[in-house]
>>> print(open('work.txt').read())   # compact mmCIF, C-alpha atoms
# COMPACT_ATOMS: atom_id res chain seq x y z
CA MET C 1 26.24 -5.46 9.00
CA SER C 2 25.93 -2.73 11.55
CA GLN C 3 23.21 -2.84 14.16
CA GLN C 4 20.67 -0.10 13.61
CA PRO C 5 19.73 1.87 16.72
CA ALA C 6 16.22 0.60 17.31
CA ARG C 7 14.96 3.36 19.60
CA GLY C 8 15.20 7.05 20.15
CA ARG C 9 15.47 8.13 16.51
CA ARG C 10 14.13 11.54 15.70
CA ARG C 11 11.69 12.21 12.85
CA ALA C 12 14.49 13.66 10.68
CA GLU C 13 16.61 10.53 11.22
CA ILE C 14 13.70 8.25 10.35
CA ASP C 15 13.05 10.28 7.17
CA ALA C 16 16.76 10.21 6.26
CA GLU C 17 16.86 6.41 6.65
CA ILE C 18 13.76 5.95 4.50
CA GLU C 19 15.18 8.30 1.86
CA ALA C 20 18.52 6.46 1.85
CA GLU C 21 16.74 3.13 1.47
CA PHE C 22 14.59 4.35 -1.44
CA HIS C 23 17.59 6.05 -3.06
CA PHE C 24 19.55 2.79 -2.98
CA HIS C 25 16.65 0.95 -4.62
CA LEU C 26 16.16 3.55 -7.37
CA GLU C 27 19.88 3.70 -8.07
CA ALA C 28 20.17 -0.08 -8.38
CA LEU C 29 17.08 -0.29 -10.59
CA THR C 30 18.38 2.54 -12.81
CA ARG C 31 21.72 0.73 -13.23
CA GLU C 32 19.91 -2.48 -14.14
CA LEU C 33 17.80 -0.69 -16.76
CA GLU C 34 20.88 1.05 -18.19
CA ALA C 35 22.55 -2.35 -18.51
CA GLU C 36 19.49 -3.47 -20.52
CA GLY C 37 20.20 -0.68 -23.02
CA MET C 38 18.25 2.37 -21.83
CA THR C 39 19.82 5.84 -21.73
CA PRO C 40 20.48 7.19 -18.19
CA GLU C 41 17.48 9.55 -18.49
CA GLU C 42 15.13 6.85 -19.73
CA ALA C 43 16.38 4.46 -17.08
CA ALA C 44 15.87 6.99 -14.26
CA GLN C 45 12.36 7.77 -15.53
CA GLU C 46 11.44 4.09 -15.86
CA ALA C 47 12.88 3.29 -12.42
CA SER C 48 10.81 6.06 -10.90
CA ARG C 49 7.69 4.78 -12.66
CA ARG C 50 8.28 1.20 -11.51
CA PHE C 51 8.93 2.27 -7.94
CA GLY C 52 5.70 4.26 -7.64
CA ASP C 53 4.75 7.17 -5.39
CA LEU C 54 7.77 7.91 -3.17
CA GLU C 55 5.85 10.15 -0.77
CA GLN C 56 3.07 7.64 -0.25
CA PHE C 57 5.48 4.79 0.50
CA ALA C 58 7.61 7.01 2.76
CA ALA C 59 4.49 7.91 4.76
CA GLY C 60 3.64 4.20 5.01
CA CYS C 61 7.14 3.42 6.35
CA ARG C 62 7.06 6.36 8.76
CA ARG C 63 3.78 5.12 10.25
CA GLU C 64 5.44 1.79 11.03
CA ALA C 65 8.40 3.35 12.89
CA PRO C 66 8.18 2.37 16.59
CA GLU C 67 9.08 5.94 17.61
CA GLU C 68 6.17 7.37 15.62
CA ARG C 69 3.74 4.87 17.09
CA THR C 70 4.97 5.60 20.61
CA LYS C 71 4.61 9.32 19.90
CA LEU C 72 1.06 8.76 18.69
CA PHE C 73 0.27 6.68 21.78
CA VAL C 74 1.74 9.32 24.12
CA ARG C 75 -0.14 12.13 22.32
CA THR C 76 -3.39 10.20 22.53
CA GLY C 77 -2.74 9.56 26.22
CA ILE C 78 -2.05 13.25 26.84
CA ALA C 79 -5.19 14.28 24.93
CA ILE C 80 -7.33 11.82 26.91
CA THR C 81 -5.79 13.06 30.19
CA ILE C 82 -6.41 16.72 29.31
CA VAL C 83 -10.02 16.07 28.31
CA THR C 84 -10.60 13.97 31.44
CA LEU C 85 -8.99 16.60 33.68
CA LEU C 86 -11.11 19.34 32.11
CA ALA C 87 -14.23 17.24 32.63
CA VAL C 88 -13.21 16.44 36.20
CA THR C 89 -12.48 20.12 36.91
CA TRP C 90 -15.85 21.12 35.53
CA ILE C 91 -17.74 18.44 37.48
CA ASP C 92 -15.62 19.25 40.52
CA GLY C 93 -16.63 22.92 40.36
CA TRP C 94 -20.26 21.96 39.98
CA ARG C 95 -20.07 19.59 42.95
CA GLU C 96 -18.23 22.19 45.02
CA ALA C 97 -21.36 24.29 44.82
CA GLN C 98 -23.50 21.32 45.91
CA GLY C 99 -21.29 20.14 48.77
CA HIS C 100 -19.91 16.61 48.59
CA PRO C 101 -18.39 13.88 50.74
CA LEU C 102 -14.93 12.27 50.37
CA HIS C 103 -15.80 9.29 48.21
CA GLU C 104 -17.33 11.45 45.46
CA GLU C 105 -14.10 13.46 45.12
CA LEU C 106 -12.08 10.29 45.18
CA LEU C 107 -14.21 8.73 42.43
CA LEU C 108 -13.80 11.85 40.31
CA HIS C 109 -10.01 11.56 40.46
CA LEU C 110 -10.07 7.84 39.85
CA ALA C 111 -12.04 8.66 36.71
CA TYR C 112 -8.73 9.56 35.02
CA GLY C 113 -6.32 7.35 37.00
CA PHE C 114 -8.30 4.17 36.41
CA PRO C 115 -8.73 4.43 32.60
CA LEU C 116 -5.09 5.50 32.14
CA ALA C 117 -3.91 2.51 34.19
CA LEU C 118 -6.23 0.26 32.18
CA ALA C 119 -4.96 1.69 28.89
CA ALA C 120 -1.33 1.13 29.95
CA GLY C 121 -2.12 -2.44 31.01
CA MET C 122 -3.90 -3.20 27.74
CA ARG C 123 -0.99 -1.82 25.77
CA ILE C 124 1.67 -3.95 27.54
CA PRO C 125 1.11 -7.21 25.59
CA PHE C 126 1.45 -5.29 22.31
CA ALA C 127 4.59 -3.36 23.33
CA ARG C 128 7.92 -4.40 21.88
CA GLY C 129 10.78 -4.98 24.29
CA TRP C 130 10.83 -5.41 28.05
CA LEU C 131 12.02 -1.86 28.67
CA ARG C 132 8.89 -0.45 27.04
CA ARG C 133 6.66 -2.91 28.90
CA ILE C 134 8.19 -1.98 32.24
CA GLY C 135 7.83 1.69 31.30
CA LEU C 136 4.12 1.17 30.67
CA LEU C 137 3.72 -0.70 33.95
CA VAL C 138 5.40 2.14 35.86
CA ALA C 139 3.47 4.87 33.98
CA GLY C 140 0.10 3.15 34.56
CA SER C 141 0.84 2.51 38.23
CA VAL C 142 1.94 6.11 38.79
CA CYS C 143 -1.24 7.46 37.13
CA PHE C 144 -3.43 5.36 39.40
CA TRP C 145 -1.30 6.14 42.45
CA LEU C 146 -1.48 9.89 41.80
CA SER C 147 -5.23 9.86 41.26
CA LEU C 148 -5.72 7.86 44.46
CA PHE C 149 -3.57 10.23 46.49
CA LEU C 150 -4.98 13.43 44.98
CA GLY C 151 -8.54 12.11 45.31
CA THR C 152 -8.03 11.35 49.00
CA HIS C 153 -6.22 14.62 49.64
CA MET C 154 -8.72 16.83 47.81
CA GLY C 155 -11.66 14.81 49.13
CA TYR C 156 -10.69 15.46 52.72
CA GLY C 157 -9.87 19.09 51.87
CA ALA C 158 -13.32 19.59 50.36
CA TRP C 159 -14.98 17.80 53.25
CA GLN C 160 -13.18 19.98 55.76
CA SER C 161 -14.19 23.13 53.88
CA MET C 162 -17.89 22.28 54.22
CA PRO C 163 -19.89 24.22 56.80
CA ASN C 164 -19.78 22.45 60.19
CA PRO C 165 -17.69 19.43 59.08
CA PRO C 166 -17.90 16.31 61.28
CA GLU C 167 -14.85 15.13 63.24
CA GLU C 168 -14.11 12.28 60.85
CA ALA C 169 -13.42 14.89 58.15
CA TYR C 170 -10.16 15.60 60.00
CA ALA C 171 -9.09 11.92 60.27
CA ASP C 172 -7.08 12.27 57.06
CA GLY C 173 -3.49 11.84 58.28
CA ALA C 174 -3.18 8.03 58.28
CA LYS C 175 -5.24 7.57 55.12
CA LEU C 176 -3.25 10.18 53.21
CA MET C 177 0.01 8.60 54.34
CA PHE C 178 -1.28 5.16 53.30
CA ALA C 179 -2.33 6.46 49.86
CA LEU C 180 1.08 8.08 49.42
CA MET C 181 3.16 5.12 50.61
CA ALA C 182 1.16 2.17 49.31
CA GLY C 183 -0.94 3.68 46.49
CA TRP C 184 1.39 2.23 43.84
CA LEU C 185 0.46 -1.29 44.91
CA PRO C 186 -3.19 -1.33 43.74
CA GLY C 187 -2.03 0.59 40.67
CA ALA C 188 0.58 -2.04 39.78
CA VAL C 189 -1.88 -4.88 40.49
CA LEU C 190 -4.48 -3.23 38.24
CA VAL C 191 -2.01 -2.64 35.38
CA LEU C 192 -0.49 -6.12 35.62
CA GLY C 193 -3.91 -7.76 35.93
CA THR C 194 -5.16 -5.89 32.87
CA ALA C 195 -2.02 -6.86 30.94
CA ILE C 196 -2.47 -10.54 31.83
CA VAL C 197 -6.18 -10.54 30.95
CA THR C 198 -5.44 -8.77 27.65
CA ALA C 199 -2.64 -11.21 26.80
CA VAL C 200 -4.88 -14.21 27.57
CA CYS C 201 -7.77 -12.75 25.51
CA ARG C 202 -5.37 -12.03 22.65
CA ALA C 203 -3.99 -15.59 22.73
CA LEU C 204 -7.51 -17.08 22.87
CA LEU C 205 -8.66 -14.89 20.00
CA ARG C 206 -5.67 -15.98 17.91
CA LEU C 207 -6.38 -19.60 18.74
CA ILE C 208 -10.05 -19.28 17.78
CA LEU C 209 -9.28 -17.43 14.54
CA ARG C 210 -6.64 -19.97 13.56
CA ALA C 211 -8.69 -23.01 14.47
CA PRO C 212 -9.83 -24.98 11.45
CA MET N 1 6.04 -13.77 -34.96
CA ALA N 2 5.45 -11.61 -31.90
CA THR N 3 6.01 -13.34 -28.55
CA SER N 4 3.09 -12.91 -26.16
CA GLU N 5 3.99 -11.50 -22.73
CA PRO N 6 2.66 -13.43 -19.73
CA ALA N 7 -0.41 -11.88 -18.13
CA ARG N 8 0.47 -9.60 -15.17
CA LEU N 9 -1.15 -10.56 -11.87
CA GLU N 10 -2.05 -8.52 -8.83
CA ILE N 11 -0.52 -9.98 -5.66
CA PRO N 12 -3.47 -11.50 -3.73
CA PRO N 13 -4.32 -9.39 -0.68
CA GLY N 14 -2.51 -10.49 2.45
CA THR N 15 0.14 -12.54 0.68
CA LEU N 16 2.84 -9.89 0.21
CA ASP N 17 4.12 -10.43 3.77
CA LEU N 18 4.34 -14.15 3.13
CA LEU N 19 6.21 -13.65 -0.16
CA ILE N 20 8.69 -11.31 1.53
CA LEU N 21 9.28 -13.76 4.38
CA ARG N 22 9.84 -16.55 1.84
CA CYS N 23 12.41 -14.45 -0.04
CA LEU N 24 14.22 -13.75 3.23
CA ALA N 25 14.17 -17.39 4.32
CA ASP N 26 17.13 -17.97 1.96
CA GLY N 27 19.23 -15.30 3.69
CA PRO N 28 19.36 -11.57 4.49
CA LYS N 29 18.55 -9.23 1.61
CA HIS N 30 17.98 -5.55 0.95
CA GLY N 31 14.70 -4.33 -0.51
CA TYR N 32 15.95 -4.24 -4.08
CA ALA N 33 17.20 -7.85 -3.88
CA ILE N 34 13.81 -8.91 -2.52
CA THR N 35 11.98 -7.33 -5.47
CA ARG N 36 14.41 -8.99 -7.88
CA ARG N 37 13.83 -12.35 -6.21
CA LEU N 38 10.06 -11.82 -6.40
CA ARG N 39 10.33 -10.95 -10.08
CA GLU N 40 12.50 -13.99 -10.86
CA ARG N 41 10.49 -16.48 -8.86
CA SER N 42 7.15 -15.28 -10.24
CA GLY N 43 8.41 -15.16 -13.83
CA GLU N 44 7.94 -11.36 -13.75
CA ARG N 45 4.19 -11.87 -13.51
CA PHE N 46 3.37 -9.82 -10.45
CA LEU N 47 1.96 -6.43 -11.25
CA VAL N 48 3.14 -4.37 -8.30
CA GLU N 49 4.89 -1.05 -7.77
CA GLU N 50 8.24 -1.89 -6.23
CA GLY N 51 7.88 0.74 -3.52
CA THR N 52 4.90 -1.15 -2.10
CA LEU N 53 7.40 -3.52 -0.58
CA TYR N 54 8.86 -1.01 1.87
CA PRO N 55 5.87 -0.23 4.13
CA ALA N 56 5.35 -4.02 4.31
CA LEU N 57 9.01 -4.54 5.24
CA HIS N 58 8.85 -1.85 7.92
CA ARG N 59 5.65 -3.39 9.30
CA LEU N 60 7.31 -6.83 9.45
CA ASP N 61 10.24 -5.20 11.25
CA ARG N 62 7.89 -3.61 13.78
CA LEU N 63 6.20 -6.98 14.34
CA ALA N 64 9.66 -8.51 14.91
CA LEU N 65 9.14 -10.96 12.04
CA VAL N 66 12.23 -9.53 10.33
CA LYS N 67 15.19 -7.61 11.70
CA ALA N 68 16.59 -4.61 9.80
CA GLU N 69 20.27 -3.70 9.85
CA TRP N 70 22.32 -1.26 7.82
CA GLY N 71 25.16 -2.83 5.90
CA THR N 72 27.14 -2.62 2.68
CA SER N 73 25.76 -3.96 -0.59
CA GLU N 74 27.58 -5.99 -3.21
CA ASN N 75 28.32 -2.67 -4.97
CA ASN N 76 29.82 -1.22 -1.81
CA ARG N 77 26.83 1.03 -1.16
CA LYS N 78 25.10 1.59 2.15
CA ALA N 79 21.92 -0.52 2.16
CA ARG N 80 19.35 -1.69 4.67
CA PHE N 81 19.35 -5.45 4.96
CA TYR N 82 16.49 -7.51 6.32
CA ARG N 83 16.88 -10.84 8.06
CA ILE N 84 14.04 -13.19 8.96
CA THR N 85 13.65 -13.90 12.69
CA ALA N 86 12.54 -17.08 14.42
CA ALA N 87 9.04 -15.59 14.79
CA GLY N 88 9.12 -14.75 11.07
CA ARG N 89 9.98 -18.36 10.20
CA ARG N 90 7.08 -19.59 12.33
CA ARG N 91 4.72 -17.12 10.62
CA LEU N 92 6.04 -18.24 7.22
CA ALA N 93 5.41 -21.90 8.03
CA GLU N 94 1.87 -21.18 9.26
CA GLY N 95 1.11 -18.88 6.33
CA THR N 96 2.44 -21.32 3.76
CA SER N 97 0.42 -24.17 5.18
CA ARG N 98 -2.73 -22.04 5.27
CA TRP N 99 -2.17 -20.76 1.73
CA GLN N 100 -1.72 -24.32 0.45
CA GLU N 101 -4.94 -25.38 2.15
CA ILE N 102 -6.84 -22.44 0.65
CA ALA N 103 -5.35 -23.07 -2.80
CA ALA N 104 -6.25 -26.77 -2.58
CA ALA N 105 -9.79 -25.92 -1.47
CA VAL N 106 -10.32 -23.36 -4.26
CA THR N 107 -8.87 -25.76 -6.84
CA ALA N 108 -11.09 -28.57 -5.59
CA VAL N 109 -14.19 -26.38 -5.84
CA LEU N 110 -13.24 -25.16 -9.32
CA ASP N 111 -12.49 -28.70 -10.47
CA GLY N 112 -15.80 -29.88 -9.04
CA SER N 113 -14.25 -32.62 -6.92
CA PRO N 114 -13.39 -32.76 -3.21
CA ALA N 115 -9.72 -32.46 -2.31
CA PRO N 116 -8.35 -35.89 -1.35
CA GLY N 117 -8.05 -36.66 2.36
CA ARG N 118 -9.44 -33.38 3.59
CA PRO N 119 -12.94 -32.92 4.95
CA PHE N 120 -14.68 -29.79 3.64
CA THR N 121 -15.55 -28.70 7.19
CA ARG N 122 -11.89 -27.79 7.76
CA TRP N 123 -12.11 -24.71 5.58
CA ARG N 124 -13.54 -21.53 6.89
CA ILE N 125 -15.12 -19.19 4.38
CA SER N 126 -14.83 -15.62 5.57
>>> encode(input="work.txt", output="structure tokens")
Amino acid sequence: MSQQPARGRRRAEIDAEIEAEFHFHLEALTRELEAEGMTPEEAAQEASRRFGDLEQFAAGCRREAPEERTKLFVRTGIAITIVTLLAVTWIDGWREAQGHPLHEELLLHLAYGFPLALAAGMRIPFARGWLRRIGLLVAGSVCFWLSLFLGTHMGYGAWQSMPNPPEEAYADGAKLMFALMAGWLPGAVLVLGTAIVTAVCRALLRLILRAP
Amino acid sequence: MATSEPARLEIPPGTLDLLILRCLADGPKHGYAITRRLRERSGERFLVEEGTLYPALHRLDRLALVKAEWGTSENNRKARFYRITAAGRRRLAEGTSRWQEIAAAVTAVLDGSPAPGRPFTRWRIS
């Protein structure tokens, strides 16, 4: 038996595989019915009736394809990011008019980095294969890292653009460098920590549900 | 004298996965062979559209309870074969044991007598 490529199939390839699988089944069932004495037309019709709704079952199989689920996850992630960024931009504009210190800008940016890192961490125990898990760990860490760096950078920028900024508004060099060089560390800790907590909760839940 | 056909039964919800895993425990099979095995073992009593099997098989594959591979059938046709994994065997053992407990509990209630050697508190009614 040949090993099926588990990842990276396109939608057309997934559909072709499902179609080939169904076709094999219908052909075998038709042959069996012909052997029982039906005419080829009757056998094909009966096989189709016994098999049921092809489209419905194909859609069911498609939904289970790992590539389709990953695509759905990525799309959901992108949608959440866009909505969060729009919200942040809107709040940011509103706060710009009010005048704001560094930590408020930083919190605004963490508002998308933090949930994305959490979502990636929560997804890790459910992901199949180490490559995908590591990918989620990297993606979550990078999201948090970026939000931390951008929040610090834009926070200081906004602070410096205020009328008569204090001297500490210009003490951004070391902090920006630290956020850039070491920002991945809290991100990775957050993602890994979330993954571990999720895995433990999942195991406990399974244990409780299976307990007599 | 007309022979009476056995009554057709709906597969109880949640048991299709277990039945598939049991069919695969004897060795790798393609979808059609699994349906044939189900028909034979159940005395053709299950009332189910054969296509129902495939979304369940793909779900089991995603959950790594079975492993799918393309191969060649007995008729020299390209077919997708499914093989049960170690995780699938564990799930089958757990599911079988649970099903037997539930069946024993239901039978005991219907018979009006407690099942021997099993306290009633063990069974969870959900």
>>> closest_atom_pairs(input="work.txt", of="chain C", to="chain N", cutoff="12 Å", atoms="all atoms listed in the file", output="CSV")
residue,atom,partner,partner_atom,distance
C:Met1,CA,N:Gly71,CA,4.2
C:Ser2,CA,N:Trp70,CA,5.4
C:Gln3,CA,N:Glu69,CA,5.3
C:Gln4,CA,N:Glu69,CA,5.2
C:Pro5,CA,N:Glu69,CA,8.9
C:Ala6,CA,N:Ala68,CA,9.1
C:Arg7,CA,N:Arg62,CA,11.5
C:Ile14,CA,N:His58,CA,11.5
C:Glu17,CA,N:Arg80,CA,8.7
C:Ile18,CA,N:Tyr54,CA,8.9
C:Glu19,CA,N:Ala79,CA,11.1
C:Ala20,CA,N:Ala79,CA,7.8
C:Glu21,CA,N:Arg80,CA,6.3
C:Phe22,CA,N:Gly51,CA,7.9
C:His23,CA,N:Ala79,CA,9.4
C:Phe24,CA,N:Ala79,CA,6.6
C:His25,CA,N:Tyr32,CA,5.3
C:Leu26,CA,N:Tyr32,CA,8.5
C:Glu27,CA,N:Tyr32,CA,9.7
C:Ala28,CA,N:Tyr32,CA,7.3
C:Leu29,CA,N:Tyr32,CA,7.7
C:Thr30,CA,N:Tyr32,CA,11.3
C:Arg31,CA,N:Asn75,CA,11.1
C:Glu32,CA,N:Arg36,CA,10.6
C:Glu46,CA,N:Glu49,CA,11.6
C:Ala47,CA,N:Glu50,CA,9.3
C:Ser48,CA,N:Gly51,CA,9.6
C:Arg49,CA,N:Glu49,CA,8.1
C:Arg50,CA,N:Glu49,CA,5.5
C:Phe51,CA,N:Glu50,CA,4.6
C:Gly52,CA,N:Glu49,CA,5.4
C:Asp53,CA,N:Gly51,CA,7.4
C:Leu54,CA,N:Gly51,CA,7.2
C:Glu55,CA,N:Gly51,CA,10.0
C:Gln56,CA,N:Gly51,CA,9.0
C:Phe57,CA,N:Gly51,CA,6.2
C:Ala58,CA,N:Pro55,CA,7.6
C:Ala59,CA,N:Pro55,CA,8.3
C:Gly60,CA,N:Pro55,CA,5.0
C:Cys61,CA,N:Pro55,CA,4.5
C:Arg62,CA,N:Pro55,CA,8.1
C:Arg63,CA,N:Pro55,CA,8.4
C:Glu64,CA,N:Arg59,CA,5.5
C:Ala65,CA,N:Arg62,CA,7.0
C:Pro66,CA,N:Arg62,CA,6.6
C:Glu67,CA,N:Arg62,CA,10.4
C:Glu68,CA,N:Arg62,CA,11.3
C:Arg69,CA,N:Arg62,CA,10.0
C:Thr70,CA,N:Arg62,CA,11.8
C:Phe126,CA,N:Leu63,CA,9.4
C:Ala127,CA,N:Leu63,CA,9.8
C:Arg128,CA,N:Arg62,CA,8.1
C:Gly129,CA,N:Ala64,CA,10.1
C:Ile208,CA,N:Arg124,CA,11.7
C:Leu209,CA,N:Arg124,CA,9.7
C:Arg210,CA,N:Arg98,CA,9.4
C:Ala211,CA,N:Arg122,CA,8.8
C:Pro212,CA,N:Arg122,CA,5.1
>>> closest_residue(input="work.txt", among="C:Ile124, C:Val142, C:Leu107, C:Val83", to="Ala199 of chain C", atoms="all atoms listed in the file")
C:Ile124
>>> atom_distance(input="work.txt", atom1="atom CA of Ala119 of chain C", atom2="atom CA of Leu205 of chain C")
19.2 Å
>>> residues_near_point(input="work.txt", point="(-9.8, 8.9, 44.2)", cutoff="7 Å", atoms="only C-alpha atoms", output="ChimeraX atom specification")
/C:105-110,147-152
>>> closest_residue(input="work.txt", among="C:Leu146, C:Ala158, C:Val197, C:Ala35", to="Met181 of chain C", atoms="all atoms listed in the file")
C:Leu146
>>> residues_near_point(input="work.txt", point="(13.3, -16.3, 5.1)", cutoff="10 Å", atoms="all atoms listed in the file", output="list in words")
Leu18, Leu19, Ile20, Leu21, Arg22, Cys23, Leu24, Ala25, Asp26, Gly27, Pro28, Lys29, Leu65, Val66, Tyr82, Arg83, Ile84, Thr85, Ala86, Gly88, Arg89 and Leu92 of chain N
>>> atom_distance(input="work.txt", atom1="atom CA of Ala79 of chain C", atom2="atom CA of Pro115 of chain C")
13.0 Å
>>> decode(input="work.txt", residues="segment 148-169 of chain C", atoms="N, CA and C atoms", output="PDB file, in the first residue's frame")
ATOM      1  N   LEU C 148       4.126  43.245  21.496  1.00  0.00           N
ATOM      2  CA  LEU C 148       4.919  43.847  22.573  1.00  0.00           C
ATOM      3  C   LEU C 148       5.844  44.930  22.005  1.00  0.00           C
ATOM      4  N   PHE C 149       6.508  44.578  20.901  1.00  0.00           N
ATOM      5  CA  PHE C 149       7.445  45.527  20.300  1.00  0.00           C
ATOM      6  C   PHE C 149       6.697  46.739  19.727  1.00  0.00           C
ATOM      7  N   LEU C 150       5.655  46.480  18.968  1.00  0.00           N
ATOM      8  CA  LEU C 150       4.905  47.593  18.355  1.00  0.00           C
ATOM      9  C   LEU C 150       4.268  48.481  19.421  1.00  0.00           C
ATOM     10  N   GLY C 151       3.749  47.836  20.485  1.00  0.00           N
ATOM     11  CA  GLY C 151       3.134  48.601  21.576  1.00  0.00           C
ATOM     12  C   GLY C 151       4.136  49.530  22.230  1.00  0.00           C
ATOM     13  N   THR C 152       5.345  48.995  22.484  1.00  0.00           N
ATOM     14  CA  THR C 152       6.392  49.821  23.112  1.00  0.00           C
ATOM     15  C   THR C 152       6.804  50.950  22.167  1.00  0.00           C
ATOM     16  N   HIS C 153       7.029  50.565  20.907  1.00  0.00           N
ATOM     17  CA  HIS C 153       7.495  51.533  19.915  1.00  0.00           C
ATOM     18  C   HIS C 153       6.473  52.657  19.711  1.00  0.00           C
ATOM     19  N   MET C 154       5.220  52.274  19.485  1.00  0.00           N
ATOM     20  CA  MET C 154       4.191  53.275  19.220  1.00  0.00           C
ATOM     21  C   MET C 154       3.828  54.040  20.488  1.00  0.00           C
ATOM     22  N   GLY C 155       3.950  53.364  21.631  1.00  0.00           N
ATOM     23  CA  GLY C 155       3.672  54.028  22.910  1.00  0.00           C
ATOM     24  C   GLY C 155       4.637  55.171  23.148  1.00  0.00           C
ATOM     25  N   TYR C 156       5.913  54.892  22.938  1.00  0.00           N
ATOM     26  CA  TYR C 156       6.910  55.950  23.128  1.00  0.00           C
ATOM     27  C   TYR C 156       6.731  57.053  22.083  1.00  0.00           C
ATOM     28  N   GLY C 157       6.410  56.607  20.827  1.00  0.00           N
ATOM     29  CA  GLY C 157       6.201  57.584  19.752  1.00  0.00           C
ATOM     30  C   GLY C 157       5.072  58.541  20.109  1.00  0.00           C
ATOM     31  N   ALA C 158       3.972  57.966  20.607  1.00  0.00           N
ATOM     32  CA  ALA C 158       2.815  58.781  20.964  1.00  0.00           C
ATOM     33  C   ALA C 158       3.133  59.702  22.145  1.00  0.00           C
ATOM     34  N   TRP C 159       3.892  59.171  23.066  1.00  0.00           N
ATOM     35  CA  TRP C 159       4.260  59.926  24.265  1.00  0.00           C
ATOM     36  C   TRP C 159       5.117  61.136  23.867  1.00  0.00           C
ATOM     37  N   GLN C 160       6.060  60.840  22.954  1.00  0.00           N
ATOM     38  CA  GLN C 160       6.961  61.909  22.519  1.00  0.00           C
ATOM     39  C   GLN C 160       6.230  62.976  21.697  1.00  0.00           C
ATOM     40  N   SER C 161       5.126  62.584  21.068  1.00  0.00           N
ATOM     41  CA  SER C 161       4.395  63.545  20.230  1.00  0.00           C
ATOM     42  C   SER C 161       3.437  64.424  21.054  1.00  0.00           C
ATOM     43  N   MET C 162       3.341  64.127  22.356  1.00  0.00           N
ATOM     44  CA  MET C 162       2.471  64.941  23.209  1.00  0.00           C
ATOM     45  C   MET C 162       3.101  66.338  23.412  1.00  0.00           C
ATOM     46  N   PRO C 163       2.306  67.327  23.686  1.00  0.00           N
ATOM     47  CA  PRO C 163       2.884  68.643  23.955  1.00  0.00           C
ATOM     48  C   PRO C 163       3.702  68.603  25.255  1.00  0.00           C
ATOM     49  N   ASN C 164       4.866  69.168  25.230  1.00  0.00           N
ATOM     50  CA  ASN C 164       5.812  69.206  26.353  1.00  0.00           C
ATOM     51  C   ASN C 164       6.029  67.822  26.998  1.00  0.00           C
ATOM     52  N   PRO C 165       6.557  66.847  26.234  1.00  0.00           N
ATOM     53  CA  PRO C 165       6.752  65.518  26.828  1.00  0.00           C
ATOM     54  C   PRO C 165       7.857  65.543  27.876  1.00  0.00           C
ATOM     55  N   PRO C 166       7.732  64.725  28.929  1.00  0.00           N
ATOM     56  CA  PRO C 166       8.784  64.666  29.948  1.00  0.00           C
ATOM     57  C   PRO C 166      10.028  63.960  29.386  1.00  0.00           C
ATOM     58  N   GLU C 167      11.124  64.008  30.116  1.00  0.00           N
ATOM     59  CA  GLU C 167      12.383  63.433  29.631  1.00  0.00           C
ATOM     60  C   GLU C 167      12.295  61.917  29.488  1.00  0.00           C
ATOM     61  N   GLU C 168      11.546  61.306  30.399  1.00  0.00           N
ATOM     62  CA  GLU C 168      11.467  59.825  30.346  1.00  0.00           C
ATOM     63  C   GLU C 168      10.769  59.332  29.070  1.00  0.00           C
ATOM     64  N   ALA C 169      10.064  60.219  28.387  1.00  0.00           N
ATOM     65  CA  ALA C 169       9.434  59.822  27.125  1.00  0.00           C
ATOM     66  C   ALA C 169      10.490  59.520  26.059  1.00  0.00           C
TER      67      ALA C 169
END
